[in-house]
file upload_34.pdb (PDB, C-alpha atoms and all ligand atoms)
ATOM      1  CA  MET I 262      -5.975  11.338  26.767  1.00  0.00           C
ATOM      2  CA  VAL I 263      -8.100  14.172  28.120  1.00  0.00           C
ATOM      3  CA  VAL I 264      -9.306  14.120  31.701  1.00  0.00           C
ATOM      4  CA  ASP I 265     -12.235  16.334  32.642  1.00  0.00           C
ATOM      5  CA  LYS I 266     -12.619  17.077  36.288  1.00  0.00           C
ATOM      6  CA  ARG I 267     -15.864  18.411  37.670  1.00  0.00           C
ATOM      7  CA  ILE I 268     -16.487  19.578  41.169  1.00  0.00           C
ATOM      8  CA  VAL I 269     -20.196  19.617  41.861  1.00  0.00           C
ATOM      9  CA  PHE I 270     -21.728  20.689  45.128  1.00  0.00           C
ATOM     10  CA  ARG I 271     -25.088  21.566  46.609  1.00  0.00           C
ATOM     11  CA  PRO I 272     -25.828  24.952  48.195  1.00  0.00           C
ATOM     12  CA  LYS I 273     -26.078  23.254  51.590  1.00  0.00           C
ATOM     13  CA  ASP I 274     -22.467  22.052  51.177  1.00  0.00           C
ATOM     14  CA  ILE I 275     -21.188  25.628  51.398  1.00  0.00           C
ATOM     15  CA  GLY I 276     -19.997  26.296  54.925  1.00  0.00           C
ATOM     16  CA  VAL I 277     -18.046  29.515  54.727  1.00  0.00           C
ATOM     17  CA  VAL I 278     -17.774  32.438  52.309  1.00  0.00           C
ATOM     18  CA  ARG I 279     -14.361  34.104  52.367  1.00  0.00           C
ATOM     19  CA  PHE I 280     -13.941  37.799  51.660  1.00  0.00           C
ATOM     20  CA  VAL I 281     -10.420  38.540  50.490  1.00  0.00           C
ATOM     21  CA  CYS I 282      -9.356  42.157  50.824  1.00  0.00           C
ATOM     22  CA  ARG I 283      -7.758  43.441  47.625  1.00  0.00           C
ATOM     23  CA  LYS I 284      -5.941  46.146  49.550  1.00  0.00           C
ATOM     24  CA  CYS I 285      -4.208  44.207  52.333  1.00  0.00           C
ATOM     25  CA  GLY I 286      -4.727  40.581  51.217  1.00  0.00           C
ATOM     26  CA  ASN I 287      -6.252  39.390  54.490  1.00  0.00           C
ATOM     27  CA  GLU I 288      -9.394  37.274  54.610  1.00  0.00           C
ATOM     28  CA  ALA I 289     -12.593  37.438  56.596  1.00  0.00           C
ATOM     29  CA  ALA I 290     -14.679  34.262  56.890  1.00  0.00           C
ATOM     30  CA  TRP I 291     -18.448  34.525  57.029  1.00  0.00           C
ATOM     31  CA  ASN I 292     -20.998  31.781  57.713  1.00  0.00           C
ATOM     32  CA  PRO I 293     -23.955  32.592  55.435  1.00  0.00           C
ATOM     33  CA  LYS I 294     -26.204  30.019  57.110  1.00  0.00           C
ATOM     34  CA  SER I 295     -26.179  31.840  60.404  1.00  0.00           C
ATOM     35  CA  GLU I 296     -29.292  33.983  60.751  1.00  0.00           C
ATOM     36  CA  GLN I 297     -27.522  36.362  63.099  1.00  0.00           C
ATOM     37  CA  SER I 298     -24.429  37.078  61.099  1.00  0.00           C
ATOM     38  CA  HIS I 299     -24.118  39.559  58.257  1.00  0.00           C
ATOM     39  CA  PRO I 300     -21.456  39.724  55.564  1.00  0.00           C
ATOM     40  CA  PRO I 301     -18.570  41.854  56.785  1.00  0.00           C
ATOM     41  CA  HIS I 302     -19.138  45.486  55.773  1.00  0.00           C
ATOM     42  CA  GLU I 303     -15.430  46.235  55.769  1.00  0.00           C
ATOM     43  CA  CYS I 304     -12.057  44.566  56.058  1.00  0.00           C
ATOM     44  CA  PRO I 305     -11.479  43.744  59.734  1.00  0.00           C
ATOM     45  CA  PHE I 306      -7.745  44.388  59.259  1.00  0.00           C
ATOM     46  CA  CYS I 307      -7.363  47.590  57.215  1.00  0.00           C
ATOM     47  CA  GLU I 308     -10.999  48.812  57.415  1.00  0.00           C
ATOM     48  CA  THR I 309     -11.391  49.165  53.642  1.00  0.00           C
ATOM     49  CA  ARG I 310     -15.127  49.525  53.009  1.00  0.00           C
ATOM     50  CA  TRP I 311     -16.589  46.527  51.119  1.00  0.00           C
ATOM     51  CA  GLN I 312     -20.263  47.405  51.258  1.00  0.00           C
ATOM     52  CA  ARG I 313     -21.363  49.868  48.578  1.00  0.00           C
ATOM     53  CA  GLU I 314     -24.260  52.282  48.874  1.00  0.00           C
ATOM     54  CA  HIS I 315     -26.027  50.948  45.805  1.00  0.00           C
ATOM     55  CA  GLY I 316     -25.838  47.236  45.089  1.00  0.00           C
ATOM     56  CA  GLY I 317     -22.554  45.806  43.973  1.00  0.00           C
ATOM     57  CA  LEU I 318     -20.946  42.509  44.855  1.00  0.00           C
ATOM     58  CA  TRP I 319     -21.530  42.862  48.591  1.00  0.00           C
ATOM     59  CA  GLU I 320     -25.302  43.135  48.073  1.00  0.00           C
ATOM     60  CA  THR I 321     -25.259  40.137  45.737  1.00  0.00           C
ATOM     61  CA  VAL I 322     -23.456  38.063  48.360  1.00  0.00           C
ATOM     62  CA  ARG I 323     -26.059  39.108  50.902  1.00  0.00           C
ATOM     63  CA  THR I 324     -28.747  37.810  48.526  1.00  0.00           C
ATOM     64  CA  LEU I 325     -26.837  34.543  48.267  1.00  0.00           C
ATOM     65  CA  ARG I 326     -27.244  34.261  52.003  1.00  0.00           C
ATOM     66  CA  ARG I 327     -31.013  33.861  51.610  1.00  0.00           C
ATOM     67  CA  VAL I 328     -30.497  31.004  49.157  1.00  0.00           C
ATOM     68  CA  LEU I 329     -27.986  29.226  51.392  1.00  0.00           C
ATOM     69  CA  SER I 330     -30.024  29.755  54.514  1.00  0.00           C
ATOM     70  CA  PHE I 331     -33.165  28.405  52.852  1.00  0.00           C
ATOM     71  CA  THR I 332     -31.495  25.366  51.334  1.00  0.00           C
ATOM     72  CA  SER I 333     -29.804  24.416  54.588  1.00  0.00           C
ATOM     73  CA  ARG I 334     -33.080  24.557  56.547  1.00  0.00           C
ATOM     74  CA  GLU I 335     -35.627  23.185  54.121  1.00  0.00           C
ATOM     75  CA  PRO I 336     -35.726  19.681  52.716  1.00  0.00           C
ATOM     76  CA  ASP I 337     -34.915  19.316  49.029  1.00  0.00           C
ATOM     77  CA  ASP I 338     -37.731  19.954  46.599  1.00  0.00           C
ATOM     78  CA  GLU I 339     -39.265  16.631  45.658  1.00  0.00           C
ATOM     79  CA  SER I 340     -39.002  17.375  41.942  1.00  0.00           C
ATOM     80  CA  PHE I 341     -35.479  18.812  41.602  1.00  0.00           C
ATOM     81  CA  GLU I 342     -32.192  19.533  43.308  1.00  0.00           C
ATOM     82  CA  VAL I 343     -29.840  22.482  42.733  1.00  0.00           C
ATOM     83  CA  ARG I 344     -26.131  21.838  42.305  1.00  0.00           C
ATOM     84  CA  PHE I 345     -23.276  24.162  41.446  1.00  0.00           C
ATOM     85  CA  GLU I 346     -20.405  23.121  39.221  1.00  0.00           C
ATOM     86  CA  ILE I 347     -16.940  24.608  39.277  1.00  0.00           C
ATOM     87  CA  GLU I 348     -15.245  25.105  35.929  1.00  0.00           C
ATOM     88  CA  ASP I 349     -12.142  23.088  35.338  1.00  0.00           C
ATOM     89  CA  ARG I 350      -9.606  25.795  34.546  1.00  0.00           C
ATOM     90  CA  GLY I 351      -6.504  23.718  34.925  1.00  0.00           C
ATOM     91  CA  GLY I 352      -7.129  21.032  32.350  1.00  0.00           C
ATOM     92  CA  CYS I 353      -5.110  17.838  32.186  1.00  0.00           C
ATOM     93  CA  THR I 354      -4.011  16.446  28.862  1.00  0.00           C
TER      94      THR I 354
HETATM   95 ZN    ZN I 401      -7.818  44.863  54.187  1.00  0.00          ZN
END
call {"tool": "encode", "arguments": {"input": "upload_34.pdb", "output": "structure tokens"}}
result
Amino acid sequence: MVVDKRIVFRPKDIGVVRFVCRKCGNEAAWNPKSEQSHPPHECPFCETRWQREHGGLWETVRTLRRVLSFTSREPDDESFEVRFEIEDRGGCT
């Protein structure tokens, strides 16, 4: 028997984005739906710089903020809904 598990969620279901520092292993939580907050520019523990001068992952996460902020404020589009699906990497057989 093969069991496929799918975890599907809507953008508005995302509450917190966690930044995990590769240098010290600590985490910084960030609420992307808050208009006032910005993704952390650096690790709050060891001060390793996370924001790059030109693009990179940090900039992409900042762009994600616009998506999450919009989808948490606005009603769903009447013709479609966006959902994310997490890959099942574990697999049960
Ligand atoms: Zn760190």
call {"tool": "residues_near_point", "arguments": {"input": "upload_34.pdb", "point": "(-19.2, 39.6, 46.8)", "cutoff": "10 Å", "atoms": "only C-alpha atoms", "output": "MDAnalysis selection string"}}
result
chainID I and resid 278:281 300 311:312 317:325
call {"tool": "atom_distance", "arguments": {"input": "upload_34.pdb", "atom1": "atom CA of I:Glu296", "atom2": "atom CA of I:Arg326"}}
result
9.0 Å
call {"tool": "resolve_selection", "arguments": {"input": "upload_34.pdb", "expression": "the PyMOL selection byres (((chain I and resi 333) around 9) and not hetatm)", "output": "VMD selection string"}}
result
chain I and resid 272 to 274 294 328 to 332 334 to 336
call {"tool": "axis_aligned_box", "arguments": {"input": "upload_34.pdb", "around": "stretch 265-280 of chain I", "padding_each_side": "4 Å", "output": "lines of an AutoDock Vina configuration file"}}
result
center_x = -19.2
center_y = 27.1
center_z = 43.8
size_x = 21.8
size_y = 29.5
size_z = 30.3
call {"tool": "residues_near_ligand", "arguments": {"input": "upload_34.pdb", "ligand": "ligand ZN 401 (chain I)", "cutoff": "8 Å", "atoms": "all atoms listed in the file", "output": "MDAnalysis selection string"}}
result
chainID I and resid 281:288 303:309
call {"tool": "atom_distance", "arguments": {"input": "upload_34.pdb", "atom1": "atom CA of I:Val277", "atom2": "atom CA of I:Glu339"}}
result
26.4 Å
call {"tool": "atom_distance", "arguments": {"input": "upload_34.pdb", "atom1": "atom CA of I:Ala290", "atom2": "atom CA of I:His315"}}
result
23.0 Å
call {"tool": "residues_near_point", "arguments": {"input": "upload_34.pdb", "point": "(-18.8, 23.3, 41.2)", "cutoff": "10 Å", "atoms": "all atoms listed in the file", "output": "list in words"}}
result
Arg267, Ile268, Val269, Phe270, Arg271, Arg344, Phe345, Glu346, Ile347, Glu348 and Asp349 of chain I
call {"tool": "decode", "arguments": {"input": "upload_34.pdb", "residues": "stretch 289-313 of chain I", "atoms": "N, CA and C atoms", "output": "short mmCIF file (atom, residue, chain, number, x, y, z; two decimals), in the first residue's frame"}}
result
data_model
loop_
_atom_site.label_atom_id
_atom_site.label_comp_id
_atom_site.auth_asym_id
_atom_site.auth_seq_id
_atom_site.Cartn_x
_atom_site.Cartn_y
_atom_site.Cartn_z
N ALA I 289 14.94 33.68 13.61
CA ALA I 289 14.24 34.95 13.79
C ALA I 289 12.89 34.82 13.11
N ALA I 290 11.81 35.06 13.85
CA ALA I 290 10.46 34.97 13.28
C ALA I 290 10.05 36.33 12.74
N TRP I 291 9.35 36.30 11.63
CA TRP I 291 8.91 37.54 10.98
C TRP I 291 7.48 37.35 10.51
N ASN I 292 6.62 38.32 10.83
CA ASN I 292 5.22 38.29 10.40
C ASN I 292 5.10 39.07 9.09
N PRO I 293 4.97 38.39 7.96
CA PRO I 293 4.96 39.09 6.67
C PRO I 293 3.67 39.86 6.42
N LYS I 294 2.65 39.63 7.23
CA LYS I 294 1.38 40.35 7.00
C LYS I 294 1.37 41.72 7.66
N SER I 295 2.32 41.95 8.51
CA SER I 295 2.39 43.24 9.18
C SER I 295 2.98 44.29 8.24
N GLU I 296 2.26 45.35 8.02
CA GLU I 296 2.73 46.40 7.11
C GLU I 296 3.98 47.09 7.66
N GLN I 297 4.09 47.14 8.97
CA GLN I 297 5.20 47.87 9.57
C GLN I 297 6.50 47.07 9.62
N SER I 298 6.39 45.79 9.67
CA SER I 298 7.62 45.02 9.86
C SER I 298 8.32 44.73 8.54
N HIS I 299 9.61 44.55 8.61
CA HIS I 299 10.42 44.19 7.46
C HIS I 299 11.14 42.89 7.78
N PRO I 300 11.50 42.12 6.76
CA PRO I 300 12.28 40.92 7.05
C PRO I 300 13.57 41.32 7.77
N PRO I 301 14.03 40.49 8.68
CA PRO I 301 15.25 40.86 9.40
C PRO I 301 16.44 40.96 8.43
N HIS I 302 17.17 42.06 8.51
CA HIS I 302 18.32 42.27 7.62
C HIS I 302 19.52 41.42 8.02
N GLU I 303 19.55 41.07 9.31
CA GLU I 303 20.69 40.30 9.81
C GLU I 303 20.23 39.42 10.95
N CYS I 304 21.07 38.47 11.31
CA CYS I 304 20.76 37.59 12.44
C CYS I 304 20.78 38.43 13.73
N PRO I 305 19.69 38.37 14.51
CA PRO I 305 19.66 39.15 15.74
C PRO I 305 20.60 38.60 16.82
N PHE I 306 21.18 37.44 16.59
CA PHE I 306 22.04 36.82 17.60
C PHE I 306 23.53 37.01 17.29
N CYS I 307 23.93 36.69 16.04
CA CYS I 307 25.36 36.78 15.71
C CYS I 307 25.66 37.90 14.71
N GLU I 308 24.59 38.60 14.26
CA GLU I 308 24.70 39.75 13.37
C GLU I 308 25.24 39.43 11.97
N THR I 309 25.15 38.15 11.58
CA THR I 309 25.49 37.80 10.20
C THR I 309 24.50 38.49 9.27
N ARG I 310 25.02 39.16 8.25
CA ARG I 310 24.18 39.91 7.31
C ARG I 310 23.41 38.94 6.41
N TRP I 311 22.07 39.09 6.36
CA TRP I 311 21.24 38.25 5.50
C TRP I 311 20.82 38.97 4.23
N GLN I 312 20.67 40.28 4.32
CA GLN I 312 20.26 41.04 3.15
C GLN I 312 21.47 41.26 2.24
N ARG I 313 21.29 40.99 0.95
CA ARG I 313 22.37 41.19 -0.02
C ARG I 313 22.12 42.50 -0.76
#
